[in-house]
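Okay, coords.pdb now, which holds PDB, C-alpha atoms:
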```
ATOM      1  CA  MET N 234      27.169 -12.413  18.486
ATOM      2  CA  ARG N 235      26.403 -11.910  14.828
ATOM      3  CA  ARG N 236      22.769 -11.808  13.817
ATOM      4  CA  THR N 237      21.628 -13.570  10.716
ATOM      5  CA  ARG N 238      19.117 -12.069   8.342
ATOM      6  CA  ALA N 239      16.423 -14.448   9.623
ATOM      7  CA  THR N 240      16.836 -13.433  13.280
ATOM      8  CA  ALA N 241      17.485  -9.735  12.652
ATOM      9  CA  LEU N 242      13.767  -9.064  12.219
ATOM     10  CA  MET N 243      12.592 -11.403  14.971
ATOM     11  CA  PRO N 244      10.977  -9.358  17.748
ATOM     12  CA  ARG N 245      12.413  -9.965  21.225
ATOM     13  CA  GLU N 246       9.807  -7.972  23.139
ATOM     14  CA  PHE N 247       6.405  -6.353  22.777
ATOM     15  CA  PHE N 248       4.251  -3.895  24.651
ATOM     16  CA  LEU N 249       0.638  -2.773  24.462
ATOM     17  CA  THR N 250      -0.521   0.792  24.092
ATOM     18  CA  SER N 251      -3.741   2.588  23.250
ATOM     19  CA  GLY N 252      -5.176   6.015  22.704
ATOM     20  CA  ARG N 253      -8.171   8.133  21.763
ATOM     21  CA  GLY N 254      -8.394  11.228  19.644
ATOM     22  CA  THR N 255     -10.938  13.669  18.310
ATOM     23  CA  SER N 256     -10.747  16.293  15.587
ATOM     24  CA  PRO N 257     -13.176  18.769  14.060
ATOM     25  CA  THR N 258     -11.089  18.667  10.845
ATOM     26  CA  SER N 259     -10.904  15.046   9.675
ATOM     27  CA  PRO N 260     -10.914  11.373  10.683
ATOM     28  CA  MET N 261      -7.181  11.193   9.898
ATOM     29  CA  ASN N 262      -6.458  14.007  12.346
ATOM     30  CA  ALA N 263      -8.431  12.100  14.999
ATOM     31  CA  PHE N 264      -6.318   9.026  14.177
ATOM     32  CA  ASP N 265      -3.111  11.067  14.509
ATOM     33  CA  LYS N 266      -4.233  12.333  17.923
ATOM     34  CA  ALA N 267      -5.050   8.779  19.049
ATOM     35  CA  LEU N 268      -1.538   7.708  17.981
ATOM     36  CA  MET N 269      -0.107  10.678  19.898
ATOM     37  CA  GLU N 270      -1.924   9.601  23.051
ATOM     38  CA  ALA N 271      -0.656   6.045  22.517
ATOM     39  CA  GLY N 272       2.907   7.360  22.203
ATOM     40  CA  ILE N 273       3.599   5.953  18.733
ATOM     41  CA  ALA N 274       2.657   8.822  16.394
ATOM     42  CA  ASN N 275       6.255   9.680  15.533
ATOM     43  CA  CYS N 276       7.156   6.153  14.421
ATOM     44  CA  ASN N 277       6.794   4.647  10.963
ATOM     45  CA  LEU N 278       4.237   1.958  11.705
ATOM     46  CA  LEU N 279       4.469  -1.310   9.832
ATOM     47  CA  LEU N 280       1.328  -3.431  10.138
ATOM     48  CA  VAL N 281       2.063  -7.108  10.718
ATOM     49  CA  SER N 282      -0.142 -10.165  11.153
ATOM     50  CA  SER N 283      -1.188 -11.658  14.442
ATOM     51  CA  ILE N 284       1.598 -13.982  15.568
ATOM     52  CA  ILE N 285       3.804 -13.531  18.637
ATOM     53  CA  PRO N 286       7.144 -15.296  18.048
ATOM     54  CA  PRO N 287       8.578 -17.823  20.514
ATOM     55  CA  LYS N 288      10.532 -16.308  23.422
ATOM     56  CA  CYS N 289       9.126 -12.834  22.711
ATOM     57  CA  ARG N 290       8.359 -11.337  26.110
ATOM     58  CA  GLU N 291       5.885  -8.708  27.174
ATOM     59  CA  ARG N 292       7.389  -5.552  28.615
ATOM     60  CA  ARG N 293       6.294  -2.164  29.855
ATOM     61  CA  TRP N 294       5.804   0.721  27.439
ATOM     62  CA  LYS N 295       9.015   1.879  25.797
ATOM     63  CA  LYS N 296       9.720   5.234  24.173
ATOM     64  CA  LEU N 297      10.859   4.691  20.589
ATOM     65  CA  ASP N 298      13.109   6.978  18.574
ATOM     66  CA  VAL N 299      11.490   9.315  16.052
ATOM     67  CA  GLY N 300      11.179   7.644  12.660
ATOM     68  CA  THR N 301      11.738   4.096  13.926
ATOM     69  CA  ILE N 302      10.225   1.475  11.628
ATOM     70  CA  THR N 303       7.905  -0.172  14.117
ATOM     71  CA  PRO N 304       6.033  -3.454  13.554
ATOM     72  CA  VAL N 305       2.559  -3.354  15.127
ATOM     73  CA  VAL N 306      -0.603  -5.388  15.314
ATOM     74  CA  MET N 307      -3.237  -2.664  15.415
ATOM     75  CA  ALA N 308      -6.967  -2.284  15.828
ATOM     76  CA  LYS N 309      -8.456   1.141  15.082
ATOM     77  CA  ALA N 310     -11.971   2.439  14.773
ATOM     78  CA  ILE N 311     -13.035   5.806  13.398
ATOM     79  CA  GLY N 312     -16.487   7.314  13.787
ATOM     80  CA  GLY N 313     -18.587  10.422  13.483
ATOM     81  CA  PRO N 314     -20.579  12.475  15.972
ATOM     82  CA  GLY N 315     -22.733  10.404  18.322
ATOM     83  CA  GLU N 316     -21.345   7.025  17.201
ATOM     84  CA  THR N 317     -19.936   4.475  19.619
ATOM     85  CA  ILE N 318     -16.646   3.038  18.401
ATOM     86  CA  GLY N 319     -14.382   0.386  19.852
ATOM     87  CA  ALA N 320     -11.049  -1.232  19.105
ATOM     88  CA  GLY N 321      -9.253  -3.969  20.964
ATOM     89  CA  LEU N 322      -6.717  -6.752  20.985
ATOM     90  CA  ALA N 323      -6.769 -10.118  22.737
ATOM     91  CA  TRP N 324      -3.576 -12.122  22.996
ATOM     92  CA  ALA N 325      -2.603 -15.481  24.431
ATOM     93  CA  TRP N 326       0.159 -18.074  24.320
ATOM     94  CA  GLU N 327      -0.195 -21.618  23.101
ATOM     95  CA  GLU N 328      -0.041 -23.956  26.128
ATOM     96  CA  GLY N 329       3.387 -25.240  25.105
ATOM     97  CA  GLY N 330       4.701 -21.690  24.733
ATOM     98  CA  ARG N 331       5.768 -22.181  21.120
ATOM     99  CA  MET N 332       3.906 -19.129  19.837
ATOM    100  CA  GLY N 333       1.319 -16.543  20.723
ATOM    101  CA  LEU N 334      -1.748 -15.281  18.890
ATOM    102  CA  VAL N 335      -3.285 -11.822  18.671
ATOM    103  CA  ALA N 336      -6.903 -11.139  17.685
ATOM    104  CA  GLU N 337      -8.058  -7.691  16.577
ATOM    105  CA  VAL N 338     -11.561  -6.253  16.700
ATOM    106  CA  GLU N 339     -12.557  -2.791  15.487
ATOM    107  CA  GLY N 340     -15.728  -0.977  14.533
ATOM    108  CA  HIS N 341     -19.013   0.100  16.084
ATOM    109  CA  TYR N 342     -18.763  -1.909  19.316
ATOM    110  CA  ASP N 343     -19.605  -1.121  22.905
ATOM    111  CA  ARG N 344     -17.524  -2.657  25.714
ATOM    112  CA  ARG N 345     -19.568  -5.845  26.087
ATOM    113  CA  ALA N 346     -19.770  -6.576  22.340
ATOM    114  CA  LEU N 347     -16.053  -5.865  21.919
ATOM    115  CA  ILE N 348     -15.028  -8.307  24.660
ATOM    116  CA  SER N 349     -17.342 -10.983  23.252
ATOM    117  CA  ALA N 350     -15.931 -10.554  19.725
ATOM    118  CA  LEU N 351     -12.321 -10.623  20.992
ATOM    119  CA  ASP N 352     -12.922 -13.838  22.931
ATOM    120  CA  ALA N 353     -14.594 -15.521  19.950
ATOM    121  CA  ARG N 354     -11.818 -14.518  17.530
ATOM    122  CA  ILE N 355      -8.880 -15.634  19.681
ATOM    123  CA  LYS N 356     -10.648 -18.929  20.413
ATOM    124  CA  GLU N 357     -11.242 -19.623  16.723
ATOM    125  CA  MET N 358      -7.642 -18.711  15.841
ATOM    126  CA  ALA N 359      -6.400 -21.338  18.327
ATOM    127  CA  GLU N 360      -8.887 -23.932  17.084
ATOM    128  CA  THR N 361      -7.753 -23.332  13.493
ATOM    129  CA  ARG N 362      -4.188 -24.140  14.586
ATOM    130  CA  ASN N 363      -5.367 -27.137  16.604
ATOM    131  CA  PHE N 364      -3.923 -26.019  19.924
ATOM    132  CA  LYS N 365      -5.043 -24.729  23.286
ATOM    133  CA  ILE N 366      -4.296 -21.256  24.548
ATOM    134  CA  LYS N 367      -3.809 -20.081  28.107
ATOM    135  CA  ASP N 368      -4.254 -16.817  29.990
ATOM    136  CA  VAL N 369      -6.039 -14.666  27.418
ATOM    137  CA  LYS N 370      -5.342 -10.962  27.976
ATOM    138  CA  ARG N 371      -7.217  -8.021  26.471
ATOM    139  CA  ARG N 372      -6.717  -4.327  25.896
ATOM    140  CA  PHE N 373      -9.395  -2.135  24.384
ATOM    141  CA  GLU N 374     -10.723   1.389  23.984
ATOM    142  CA  VAL N 375     -14.362   2.403  23.544
ATOM    143  CA  MET N 376     -15.616   5.937  22.874
ATOM    144  CA  LYS N 377     -18.879   7.699  22.198
ATOM    145  CA  VAL N 378     -17.789  10.351  19.720
ATOM    146  CA  PRO N 379     -18.772  13.855  20.887
ATOM    147  CA  GLN N 380     -20.933  16.093  18.708
ATOM    148  CA  GLY N 381     -19.125  18.195  16.109
ATOM    149  CA  VAL N 382     -16.002  16.039  15.786
ATOM    150  CA  PHE N 383     -14.596  12.848  14.331
ATOM    151  CA  GLY N 384     -13.310  10.272  16.802
ATOM    152  CA  CYS N 385     -10.735   7.495  16.739
ATOM    153  CA  VAL N 386      -9.679   4.761  19.135
ATOM    154  CA  VAL N 387      -6.487   2.755  18.652
ATOM    155  CA  VAL N 388      -4.978  -0.269  20.369
ATOM    156  CA  ALA N 389      -1.573  -1.567  19.279
ATOM    157  CA  MET N 390       0.787  -4.386  20.140
ATOM    158  CA  VAL N 391       4.178  -2.871  19.416
ATOM    159  CA  PHE N 392       7.047  -5.242  18.641
ATOM    160  CA  VAL N 393      10.558  -4.246  19.662
ATOM    161  CA  LEU N 394      13.306  -5.618  17.439
TER     162      LEU N 394
END
```
As structure tokens - that is how I would like this structure written.
Amino acid sequence: MRRTRATALMPREFFLTSGRGTSPTSPMNAFDKALMEAGIANCNLLLVSSIIPPKCRERRWKKLDVGTITPVVMAKAIGGPGETIGAGLAWAWEEGGRMGLVAEVEGHYDRRALISALDARIKEMAETRNFKIKDVKRRFEVMKVPQGVFGCVVVAMVFVL
């Protein structure tokens, strides 16, 4: 079957991953370590907006080839010593299954505040589109950054083309 240009970039599957990293050198090194833990550091990440296409199914984690251009919806938070940082995604399908939504939250959040913000954002996204969502799922990371280092938490929805 020949793929057209319009369908060639339509994701068929997605998976969720997350990681944490610390570095005494820089926030970017902490970010790199968080991506390593998440298993996506050796990909070329392409940030995309928060829509799950129709018929795109959730799958288990998949190892991607080095250098793969990889569309992701990502939440990341970076902080300094003693700070609490959190990042998370909430995702849900429209009741009719026509599309899914992803909400991102990142910053200085503890677990409770992060969950509350995720729930509020995904709810408002559905209301804006005038539809109901079902079965909201969440994935998040929260960290109190140790003394003497920078910290990073990352959560990503990785689309597989």
Requested in this report: Using all atoms listed in the file, pick whichever of N:His341, N:Arg372, N:Lys367, N:Lys296 has the shortest atom-to-atom distance to Gly321 in chain N.
Outcome: N:Arg372
Report task. Name all residues at most 8 Å from range 327-339 of chain N (count all atoms listed in the file; drop same-chain ones fewer than 3 positions away) and give them as an MDAnalysis selection string. Result -> chainID N and resid 283:288 306:310 318:324 342 347 350:351 354:355 358:359 364:367
Take the residues from that selection and write them out as a PDB file, in the frame of the given file, keeping C-alpha atoms.
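Produced file selection.pdb, reproduced below:
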```pdb
ATOM      1  CA  SER N 283      -1.188 -11.658  14.442  1.00  0.00           C
ATOM      2  CA  ILE N 284       1.598 -13.982  15.568  1.00  0.00           C
ATOM      3  CA  ILE N 285       3.804 -13.531  18.637  1.00  0.00           C
ATOM      4  CA  PRO N 286       7.144 -15.296  18.048  1.00  0.00           C
ATOM      5  CA  PRO N 287       8.578 -17.823  20.514  1.00  0.00           C
ATOM      6  CA  LYS N 288      10.532 -16.308  23.422  1.00  0.00           C
ATOM      7  CA  VAL N 306      -0.603  -5.388  15.314  1.00  0.00           C
ATOM      8  CA  MET N 307      -3.237  -2.664  15.415  1.00  0.00           C
ATOM      9  CA  ALA N 308      -6.967  -2.284  15.828  1.00  0.00           C
ATOM     10  CA  LYS N 309      -8.456   1.141  15.082  1.00  0.00           C
ATOM     11  CA  ALA N 310     -11.971   2.439  14.773  1.00  0.00           C
ATOM     12  CA  ILE N 318     -16.646   3.038  18.401  1.00  0.00           C
ATOM     13  CA  GLY N 319     -14.382   0.386  19.852  1.00  0.00           C
ATOM     14  CA  ALA N 320     -11.049  -1.232  19.105  1.00  0.00           C
ATOM     15  CA  GLY N 321      -9.253  -3.969  20.964  1.00  0.00           C
ATOM     16  CA  LEU N 322      -6.717  -6.752  20.985  1.00  0.00           C
ATOM     17  CA  ALA N 323      -6.769 -10.118  22.737  1.00  0.00           C
ATOM     18  CA  TRP N 324      -3.576 -12.122  22.996  1.00  0.00           C
ATOM     19  CA  TYR N 342     -18.763  -1.909  19.316  1.00  0.00           C
ATOM     20  CA  LEU N 347     -16.053  -5.865  21.919  1.00  0.00           C
ATOM     21  CA  ALA N 350     -15.931 -10.554  19.725  1.00  0.00           C
ATOM     22  CA  LEU N 351     -12.321 -10.623  20.992  1.00  0.00           C
ATOM     23  CA  ARG N 354     -11.818 -14.518  17.530  1.00  0.00           C
ATOM     24  CA  ILE N 355      -8.880 -15.634  19.681  1.00  0.00           C
ATOM     25  CA  MET N 358      -7.642 -18.711  15.841  1.00  0.00           C
ATOM     26  CA  ALA N 359      -6.400 -21.338  18.327  1.00  0.00           C
ATOM     27  CA  PHE N 364      -3.923 -26.019  19.924  1.00  0.00           C
ATOM     28  CA  LYS N 365      -5.043 -24.729  23.286  1.00  0.00           C
ATOM     29  CA  ILE N 366      -4.296 -21.256  24.548  1.00  0.00           C
ATOM     30  CA  LYS N 367      -3.809 -20.081  28.107  1.00  0.00           C
TER      31      LYS N 367
END
```
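One finds CA of Ala346 in chain N at 20.5 Å from CA of Pro379 in chain N.
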Query raised in the report: What's the 7 Å shell around Arg290 in chain N, counting all atoms listed in the file, without same-chain residues fewer than 2 positions away, as number ranges by chain?
Result: N: 245-247, 288, 292
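Straight-line separation from CA of Val387 in chain N to CA of Glu357 in chain N: 23.0 Å.
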Report task. Take the PyMOL selection byres ((chain N and resi 259) around 12), apply it to the structure above, and return the hits as a list in words. Result ->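 Applying the PyMOL selection byres ((chain N and resi 259) around 12) to the structure shown produces Gly254, Thr255, Ser256, Pro257, Thr258, Pro260, Met261, Asn262, Ala263, Phe264, Asp265, Lys266, Ile311, Gly312, Gly313, Pro314, Gly381, Val382, Phe383, Gly384 and Cys385 of chain N.
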Query raised in the report: Which value, in Å to one decimal, gives the distance between CA of Trp294 in chain N and CA of Leu394 in chain N?
Result: 14.0 Å
**Report entry** Among the residues N:Gly272, N:Gly340, N:Gly252, N:Pro304, the one that comes closest to Glu374 in chain N [using all atoms listed in the file]
**Finding:** N:Gly252
Requested in this report: Quick one: everything within 8 Å of Lys377 in chain N, counting only C-alpha atoms, minus sequence neighbours fewer than 4 positions away in the same chain. Send it as number ranges by chain.
Outcome: N: 315-318
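Here the residues that fall within 9 Å of (10.4, 5.4, 14.2), using only C-alpha atoms, are given as N:Ile273, N:Ala274, N:Asn275, N:Cys276, N:Asn277, N:Leu278, N:Leu297, N:Asp298, N:Val299, N:Gly300, N:Thr301, N:Ile302, N:Thr303.
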Edge lengths and centre in Å, axis-aligned, range 344-362 of chain N plus 6 Å each side, as AutoDock Vina command-line options:
```
--center_x -12.0 --center_y -13.4 --center_z 19.8 --size_x 27.6 --size_y 33.5 --size_z 24.6
```
Only C-alpha atoms, please: range 249-329 of chain N from the block, as a CSV table (one decimal), in the first residue's frame.
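Produced file decode_10.csv, reproduced below:
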```csv
chain,number,residue,atom,x,y,z
N,249,LEU,CA,4.7,7.1,27.6
N,250,THR,CA,8.1,7.4,29.2
N,251,SER,CA,9.7,9.5,31.9
N,252,GLY,CA,12.9,10.1,33.7
N,253,ARG,CA,14.9,12.1,36.3
N,254,GLY,CA,18.4,13.4,36.2
N,255,THR,CA,20.8,15.4,38.2
N,256,SER,CA,24.1,17.1,37.4
N,257,PRO,CA,26.6,19.2,39.3
N,258,THR,CA,27.6,20.8,35.9
N,259,SER,CA,24.5,22.4,34.4
N,260,PRO,CA,20.7,22.2,34.0
N,261,MET,CA,21.1,20.9,30.4
N,262,ASN,CA,23.2,18.0,31.7
N,263,ALA,CA,20.5,17.1,34.2
N,264,PHE,CA,18.0,17.3,31.3
N,265,ASP,CA,20.2,15.0,29.2
N,266,LYS,CA,20.4,12.5,32.1
N,267,ALA,CA,16.6,12.6,32.5
N,268,LEU,CA,16.2,11.8,28.7
N,269,MET,CA,18.7,9.0,29.1
N,270,GLU,CA,16.6,7.5,31.9
N,271,ALA,CA,13.5,7.9,29.8
N,272,GLY,CA,15.2,6.1,26.9
N,273,ILE,CA,14.9,8.8,24.3
N,274,ALA,CA,18.2,10.8,24.7
N,275,ASN,CA,19.6,9.5,21.4
N,276,CYS,CA,16.7,10.6,19.3
N,277,ASN,CA,16.1,13.9,17.6
N,278,LEU,CA,13.1,15.1,19.5
N,279,LEU,CA,10.5,17.1,17.7
N,280,LEU,CA,8.0,18.9,20.0
N,281,VAL,CA,4.4,18.6,18.8
N,282,SER,CA,1.1,20.0,20.1
N,283,SER,CA,-1.3,18.0,22.2
N,284,ILE,CA,-3.5,16.0,19.9
N,285,ILE,CA,-3.7,12.2,19.6
N,286,PRO,CA,-4.8,11.3,16.1
N,287,PRO,CA,-7.8,8.9,15.5
N,288,LYS,CA,-6.9,5.2,15.5
N,289,CYS,CA,-3.5,5.9,17.2
N,290,ARG,CA,-3.1,3.2,19.8
N,291,GLU,CA,-1.1,3.2,23.0
N,292,ARG,CA,1.7,0.6,23.2
N,293,ARG,CA,4.4,-0.4,25.5
N,294,TRP,CA,7.8,1.3,25.4
N,295,LYS,CA,9.7,0.8,22.2
N,296,LYS,CA,13.4,1.2,21.6
N,297,LEU,CA,14.0,3.7,18.8
N,298,ASP,CA,17.0,3.8,16.5
N,299,VAL,CA,19.7,6.4,17.2
N,300,GLY,CA,19.0,9.7,15.4
N,301,THR,CA,15.3,8.9,14.7
N,302,ILE,CA,13.3,12.1,14.3
N,303,THR,CA,10.8,11.5,17.1
N,304,PRO,CA,7.6,13.6,17.6
N,305,VAL,CA,6.9,14.0,21.3
N,306,VAL,CA,4.5,15.9,23.6
N,307,MET,CA,6.8,16.7,26.5
N,308,ALA,CA,6.7,18.2,30.0
N,309,LYS,CA,10.0,19.0,31.7
N,310,ALA,CA,10.9,20.9,34.8
N,311,ILE,CA,14.4,22.0,35.8
N,312,GLY,CA,15.3,23.2,39.3
N,313,GLY,CA,18.2,24.0,41.6
N,314,PRO,CA,19.2,22.6,45.0
N,315,GLY,CA,16.4,22.1,47.5
N,316,GLU,CA,13.6,22.9,45.0
N,317,THR,CA,10.7,20.6,44.3
N,318,ILE,CA,10.0,20.2,40.6
N,319,GLY,CA,7.3,18.3,38.8
N,320,ALA,CA,6.3,17.4,35.2
N,321,GLY,CA,3.4,15.4,34.0
N,322,LEU,CA,1.0,14.6,31.2
N,323,ALA,CA,-2.7,13.7,31.3
N,324,TRP,CA,-4.3,12.2,28.3
N,325,ALA,CA,-7.8,11.1,27.3
N,326,TRP,CA,-10.0,10.2,24.3
N,327,GLU,CA,-13.1,12.0,23.2
N,328,GLU,CA,-16.1,9.8,24.0
N,329,GLY,CA,-16.7,9.1,20.3
```
